[in-house]
$ cat input37.csv   # CSV, C-alpha atoms and all ligand atoms
chain,number,residue,atom,x,y,z
A,17,LYS,CA,53.7,-17.3,-33.6
A,18,ASN,CA,54.1,-19.9,-30.8
A,19,ILE,CA,54.2,-18.5,-27.3
A,20,VAL,CA,55.4,-20.6,-24.3
A,21,VAL,CA,54.6,-19.2,-20.9
A,22,LEU,CA,56.5,-20.1,-17.7
A,23,ILE,CA,54.8,-19.7,-14.4
A,24,SER,CA,55.1,-20.5,-10.7
A,25,GLY,CA,51.9,-19.3,-9.3
A,26,SER,CA,48.5,-17.8,-9.9
A,27,GLY,CA,49.0,-17.0,-13.6
A,28,SER,CA,46.9,-13.9,-13.8
A,29,ASN,CA,49.3,-12.5,-16.4
A,30,LEU,CA,49.1,-15.8,-18.3
A,31,GLN,CA,45.3,-15.4,-18.3
A,32,ALA,CA,45.6,-11.9,-19.7
A,33,ILE,CA,47.7,-13.2,-22.6
A,34,ILE,CA,45.3,-16.1,-23.2
A,35,ASP,CA,42.4,-13.8,-23.2
A,36,ALA,CA,44.0,-11.3,-25.6
A,37,SER,CA,45.1,-14.1,-27.9
A,38,GLU,CA,41.6,-15.3,-28.3
A,39,SER,CA,40.7,-12.5,-30.8
A,40,ASN,CA,42.7,-11.0,-33.6
A,41,TYR,CA,46.2,-11.8,-32.1
A,42,PRO,CA,49.4,-12.7,-33.9
A,43,GLY,CA,50.4,-15.5,-31.5
A,44,LYS,CA,49.0,-18.5,-29.7
A,45,VAL,CA,49.9,-19.9,-26.3
A,46,VAL,CA,51.0,-23.4,-27.2
A,47,GLY,CA,52.4,-24.5,-23.8
A,48,VAL,CA,52.5,-23.5,-20.2
A,49,ILE,CA,55.2,-24.8,-17.9
A,50,SER,CA,55.3,-24.5,-14.1
A,51,ASN,CA,58.2,-25.3,-11.7
A,52,ILE,CA,55.6,-25.6,-8.9
A,53,GLU,CA,53.2,-28.5,-8.8
A,54,GLY,CA,49.6,-27.5,-8.5
A,55,ALA,CA,50.2,-23.8,-9.5
A,56,TYR,CA,46.8,-22.3,-10.3
A,57,GLY,CA,48.1,-21.1,-13.7
A,58,LEU,CA,48.2,-24.7,-14.8
A,59,THR,CA,44.4,-24.9,-14.2
A,60,ARG,CA,44.0,-21.7,-16.3
A,61,ALA,CA,45.9,-23.4,-19.1
A,62,GLU,CA,43.9,-26.6,-18.7
A,63,ASN,CA,40.6,-24.6,-18.8
A,64,ALA,CA,41.7,-22.9,-22.1
A,65,GLY,CA,42.7,-26.3,-23.6
A,66,ILE,CA,46.4,-25.4,-23.6
A,67,ALA,CA,49.1,-28.1,-23.1
A,68,ASN,CA,50.6,-27.7,-19.7
A,69,GLN,CA,53.1,-29.4,-17.4
A,70,THR,CA,55.1,-29.2,-14.3
A,71,LEU,CA,58.8,-29.5,-14.3
A,72,SER,CA,59.8,-29.4,-10.6
A,73,HIS,CA,63.3,-28.1,-9.8
A,74,LYS,CA,63.2,-30.4,-6.8
A,75,SER,CA,64.2,-33.4,-8.8
A,76,PHE,CA,67.4,-31.9,-10.1
A,77,ASP,CA,70.8,-31.6,-8.3
A,78,SER,CA,71.9,-28.3,-9.9
A,79,ARG,CA,70.5,-25.2,-11.5
A,80,GLU,CA,72.4,-26.2,-14.7
A,81,ASP,CA,70.7,-29.6,-14.8
A,82,TYR,CA,67.3,-28.1,-14.2
A,83,ASP,CA,67.7,-25.4,-16.8
A,84,ALA,CA,68.9,-27.9,-19.4
A,85,ALA,CA,65.8,-30.0,-18.8
A,86,LEU,CA,63.7,-26.9,-19.0
A,87,ILE,CA,65.2,-25.9,-22.3
A,88,GLU,CA,64.3,-29.4,-23.7
A,89,THR,CA,60.8,-29.1,-22.3
A,90,ILE,CA,60.2,-25.7,-23.8
A,91,ASP,CA,61.8,-26.4,-27.1
A,92,ALA,CA,59.4,-29.3,-27.7
A,93,TYR,CA,56.8,-26.6,-28.2
A,94,LYS,CA,58.9,-24.9,-30.9
A,95,PRO,CA,58.5,-21.4,-29.3
A,96,ASP,CA,59.0,-18.2,-31.1
A,97,VAL,CA,58.9,-16.4,-27.8
A,98,VAL,CA,59.2,-17.5,-24.2
A,99,VAL,CA,57.3,-15.4,-21.7
A,100,LEU,CA,58.2,-15.4,-18.0
A,101,ALA,CA,55.0,-14.6,-16.1
A,102,GLY,CA,55.6,-15.0,-12.4
A,103,PHE,CA,58.3,-17.7,-12.9
A,104,MET,CA,60.1,-17.4,-9.6
A,105,ARG,CA,63.5,-18.8,-10.5
A,106,ILE,CA,66.8,-17.3,-11.3
A,107,LEU,CA,67.9,-18.6,-14.7
A,108,THR,CA,71.4,-19.7,-15.7
A,109,ALA,CA,73.5,-17.9,-18.2
A,110,GLY,CA,73.2,-20.9,-20.5
A,111,PHE,CA,69.4,-20.7,-20.4
A,112,VAL,CA,69.3,-17.0,-21.0
A,113,GLN,CA,71.8,-17.2,-23.9
A,114,HIS,CA,69.7,-20.0,-25.5
A,115,TYR,CA,66.7,-17.7,-25.7
A,116,GLN,CA,68.5,-14.4,-26.2
A,117,GLY,CA,66.2,-11.9,-27.9
A,118,ARG,CA,63.1,-14.0,-27.5
A,119,LEU,CA,62.8,-14.1,-23.7
A,120,LEU,CA,60.5,-11.6,-22.0
A,121,ASN,CA,59.8,-11.0,-18.3
A,122,ILE,CA,57.5,-8.8,-16.3
A,123,HIS,CA,58.8,-7.2,-13.1
A,124,PRO,CA,56.6,-5.3,-10.7
A,125,SER,CA,58.6,-2.1,-10.3
A,126,LEU,CA,59.7,0.8,-12.4
A,127,LEU,CA,63.1,-0.6,-13.4
A,128,PRO,CA,65.9,0.0,-12.7
A,129,LYS,CA,64.4,0.6,-9.3
A,130,TYR,CA,63.8,-2.4,-7.1
A,131,GLN,CA,65.3,-5.3,-8.9
A,132,GLY,CA,64.6,-8.5,-7.0
A,133,LEU,CA,61.8,-9.3,-4.5
A,134,ASN,CA,59.3,-7.4,-2.3
A,135,THR,CA,59.1,-4.5,-4.7
A,136,HIS,CA,55.8,-3.0,-3.4
A,137,GLN,CA,57.0,-2.9,0.2
A,138,ARG,CA,60.3,-1.4,-0.9
A,139,ALA,CA,58.5,1.4,-2.8
A,140,LEU,CA,56.3,2.1,0.2
A,141,ASP,CA,59.3,2.2,2.6
A,142,ALA,CA,61.1,4.6,0.3
A,143,GLY,CA,58.1,6.9,0.4
A,144,ASP,CA,57.7,6.8,-3.4
A,145,LYS,CA,54.8,8.7,-4.8
A,146,GLU,CA,54.6,6.5,-7.9
A,147,HIS,CA,55.3,2.9,-8.5
A,148,GLY,CA,54.7,0.6,-11.4
A,149,VAL,CA,55.7,-2.3,-13.6
A,150,SER,CA,58.2,-3.0,-16.4
A,151,VAL,CA,58.2,-5.6,-19.2
A,152,HIS,CA,61.8,-6.2,-20.3
A,153,PHE,CA,63.9,-8.6,-22.4
A,154,VAL,CA,65.8,-11.0,-20.2
A,155,THR,CA,69.6,-10.8,-20.2
A,156,GLU,CA,72.1,-12.4,-17.8
A,157,GLU,CA,71.7,-9.5,-15.4
A,158,LEU,CA,68.8,-10.3,-13.1
A,159,ASP,CA,65.9,-7.9,-13.8
A,160,GLY,CA,68.5,-5.9,-15.7
A,161,GLY,CA,67.7,-6.4,-19.4
A,162,PRO,CA,66.4,-3.7,-21.7
A,163,VAL,CA,63.0,-2.3,-20.8
A,164,VAL,CA,60.3,-2.4,-23.4
A,165,LEU,CA,57.3,-0.8,-21.7
A,166,GLN,CA,56.5,0.5,-18.3
A,167,ALA,CA,53.2,1.5,-16.7
A,168,LYS,CA,53.0,3.8,-13.6
A,169,VAL,CA,50.5,3.8,-10.8
A,170,PRO,CA,50.1,6.4,-8.0
A,171,VAL,CA,50.9,5.5,-4.4
A,172,PHE,CA,48.2,6.8,-2.0
A,173,ASP,CA,48.5,7.7,1.6
A,174,GLY,CA,47.7,4.6,3.7
A,175,ASP,CA,48.5,2.1,0.9
A,176,GLU,CA,49.8,-1.2,2.0
A,177,ALA,CA,51.8,-3.6,-0.1
A,178,GLN,CA,48.8,-5.6,-1.1
A,179,ASP,CA,46.9,-2.4,-2.3
A,180,LEU,CA,49.9,-1.5,-4.5
A,181,ALA,CA,50.2,-5.0,-5.8
A,182,ALA,CA,46.6,-5.0,-6.9
A,183,ARG,CA,46.9,-1.6,-8.6
A,184,VAL,CA,50.1,-2.8,-10.3
A,185,HIS,CA,48.6,-6.1,-11.4
A,186,GLN,CA,45.8,-4.3,-13.3
A,187,GLN,CA,48.5,-2.6,-15.4
A,188,GLU,CA,50.5,-5.8,-15.8
A,189,HIS,CA,47.4,-7.4,-17.4
A,190,ARG,CA,47.2,-4.5,-19.9
A,191,ILE,CA,50.9,-4.1,-20.9
A,192,TYR,CA,52.1,-7.7,-21.0
A,193,PRO,CA,49.7,-8.9,-23.8
A,194,LEU,CA,50.5,-5.8,-25.7
A,195,VAL,CA,54.3,-6.3,-25.6
A,196,VAL,CA,53.9,-10.0,-26.6
A,197,LYS,CA,51.7,-8.9,-29.5
A,198,TRP,CA,54.4,-6.5,-30.7
A,199,PHE,CA,57.0,-9.3,-30.5
A,200,CYS,CA,54.8,-11.7,-32.4
A,201,GLU,CA,54.2,-9.0,-35.1
A,202,GLU,CA,58.0,-8.8,-35.4
A,203,ARG,CA,57.9,-5.1,-34.5
A,204,LEU,CA,59.8,-5.6,-31.3
A,205,LYS,CA,63.4,-6.7,-31.3
A,206,MET,CA,66.4,-6.8,-29.0
A,207,ILE,CA,69.4,-5.4,-30.9
A,208,GLY,CA,72.5,-5.7,-28.9
A,209,GLU,CA,71.4,-4.5,-25.4
A,210,GLN,CA,68.7,-2.3,-26.8
A,211,ALA,CA,65.0,-2.9,-27.1
A,212,GLN,CA,63.6,-1.5,-30.4
A,213,LEU,CA,60.0,-1.1,-31.6
A,214,ASP,CA,59.6,-0.4,-35.3
A,215,GLY,CA,63.4,0.3,-35.4
A,216,GLN,CA,63.1,3.0,-32.7
A,217,VAL,CA,65.1,2.6,-29.4
A,218,LEU,CA,62.8,2.1,-26.4
A,219,PRO,CA,61.6,3.3,-24.0
B,1,LIG,C1,53.5,-10.4,-11.0
B,1,LIG,O1,53.4,-9.5,-10.0
B,1,LIG,C2,54.7,-10.2,-11.9
B,1,LIG,O2,55.1,-8.9,-12.0
B,1,LIG,C3,55.8,-11.0,-11.1
B,1,LIG,O3,55.1,-12.1,-10.6
B,1,LIG,C4,53.7,-11.8,-10.4
B,1,LIG,C5,53.0,-12.9,-11.2
B,1,LIG,O4,51.6,-12.8,-11.0
B,1,LIG,N1,56.9,-11.2,-11.9
B,1,LIG,P1,50.6,-13.8,-11.8
B,1,LIG,O5,51.1,-15.2,-11.4
B,1,LIG,O6,50.7,-13.5,-13.2
B,1,LIG,O7,49.3,-13.5,-11.2

$ encode --input "input37.csv" --output "structure tokens"
Amino acid sequence: KNIVVLISGSGSNLQAIIDASESNYPGKVVGVISNIEGAYGLTRAENAGIANQTLSHKSFDSREDYDAALIETIDAYKPDVVVLAGFMRILTAGFVQHYQGRLLNIHPSLLPKYQGLNTHQRALDAGDKEHGVSVHFVTEELDGGPVVLQAKVPVFDGDEAQDLAARVHQQEHRIYPLVVKWFCEERLKMIGEQAQLDGQVLP
């Protein structure tokens, strides 16, 4: 299966998927697209010999125009699945509909908690004793699509946002390649507004 990954930054989740895909994996990262020029994830793709490019939102007048160009860029890679890995843009309804059922995102909170930004600080401010990360199918509701898999981490006294972020990142790198693998094996599907693994409703 062809995997296209969208990034805006460091791309450590991209790296985890590339690493996993190097042995006994049902998919291949065929393209990496960043909206930010110079994002380190592009270097990771380059180092792995994967086609990569920047499509900057700055050269477009509207979100619709950008997303239309993004669709064209992605579809040139003939993707079976499109993986958002730290892609820091809100997508239009048209974009989401185009990839409905084959668009995945990772969000650093235990959804439905803390949709949006600054999730680690918000978990600390709320005094949460546990925090975590969710992989979900993308629907038109921001960070609101059906959850596929979550991983929890403990929150320790004295933790700062960056400590939590690091702890969560370790789990991200474990669960995202796994979910993408399930999808590529055709075991994971979005049916209506439900995520199903081997025909069983998740989570
Ligand atoms: C991760 O924390 C992910 O959950 C969020 O963006 C961050 C991306 O990190 N959506 P990286 O670029 O994969 O290192």

$ residues_near_ligand --input "input37.csv" --ligand "ligand LIG 1 (chain B)" --cutoff "9 Å" --atoms "all atoms listed in the file" --output "ChimeraX atom specification"
/A:23-32,55-57,100-104,121-125,149-151,181-182,184-185,188-189

$ closest_atom_pairs --input "input37.csv" --of "stretch 107-198 of chain A" --to "stretch 69-85 of chain A" --cutoff "8 Å" --atoms "all atoms listed in the file" --output "JSON lines"
{"residue": "A:Leu107", "atom": "CA", "partner": "A:Asp83", "partner_atom": "CA", "distance": 7.1}
{"residue": "A:Thr108", "atom": "CA", "partner": "A:Glu80", "partner_atom": "CA", "distance": 6.7}
{"residue": "A:Gly110", "atom": "CA", "partner": "A:Glu80", "partner_atom": "CA", "distance": 7.9}
{"residue": "A:Phe111", "atom": "CA", "partner": "A:Asp83", "partner_atom": "CA", "distance": 6.2}

$ atom_distance --input "input37.csv" --atom1 "atom CA of A:Pro193" --atom2 "atom CA of A:Tyr41"
9.5 Å

$ atom_distance --input "input37.csv" --atom1 "atom CA of A:Arg118" --atom2 "atom CA of A:Thr135"
25.0 Å

$ atom_distance --input "input37.csv" --atom1 "atom CA of A:Ala167" --atom2 "atom CA of A:Ile90"
29.0 Å

$ residues_near_point --input "input37.csv" --point "(67.2, -5.9, -11.8)" --cutoff "6 Å" --atoms "all atoms listed in the file" --output "MDAnalysis selection string"
chainID A and resid 131 158:160

$ closest_residue --input "input37.csv" --among "A:Val20, A:Ala92, A:Gly143, A:Glu157" --to "A:Leu119" --atoms "all atoms listed in the file"
A:Val20

$ closest_residue --input "input37.csv" --among "A:Val154, A:Ala177, A:Leu165, A:Leu120" --to "A:Glu209" --atoms "only C-alpha atoms"
A:Val154

$ residues_around --input "input37.csv" --residues "stretch 194-199 of chain A" --least-positions-apart "3" --cutoff "8 Å" --atoms "all atoms listed in the file" --output "list in words"
Tyr41, Pro42, Gly43, Val97, Val151, Val164, Leu165, Arg190, Ile191, Glu202, Arg203, Leu204, Lys205 and Leu213 of chain A

$ closest_residue --input "input37.csv" --among "A:Pro170, A:Gly117, A:Gly148, A:Gly132" --to "A:Gln212" --atoms "only C-alpha atoms"
A:Gly117

$ closest_residue --input "input37.csv" --among "A:Gly161, A:Gly174, A:Gly65, A:Pro219" --to "A:Ile34" --atoms "all atoms listed in the file"
A:Gly65

$ residues_around --input "input37.csv" --residues "A:Val171" --least-positions-apart "2" --cutoff "9 Å" --atoms "only C-alpha atoms" --output "JSON list (two decimals) with C-alpha atoms, keeping the file's coordinate frame"
[["chain", "number", "residue", "atom", "x", "y", "z"],
["A", 139, "ALA", "CA", 58.50, 1.40, -2.80],
["A", 140, "LEU", "CA", 56.30, 2.10, 0.20],
["A", 143, "GLY", "CA", 58.10, 6.90, 0.40],
["A", 144, "ASP", "CA", 57.70, 6.80, -3.40],
["A", 145, "LYS", "CA", 54.80, 8.70, -4.80],
["A", 146, "GLU", "CA", 54.60, 6.50, -7.90],
["A", 147, "HIS", "CA", 55.30, 2.90, -8.50],
["A", 169, "VAL", "CA", 50.50, 3.80, -10.80],
["A", 173, "ASP", "CA", 48.50, 7.70, 1.60],
["A", 174, "GLY", "CA", 47.70, 4.60, 3.70],
["A", 175, "ASP", "CA", 48.50, 2.10, 0.90],
["A", 180, "LEU", "CA", 49.90, -1.50, -4.50]]

$ closest_residue --input "input37.csv" --among "A:Ala64, A:Val21, A:Ala211, A:Val217" --to "A:Val48" --atoms "only C-alpha atoms"
A:Val21
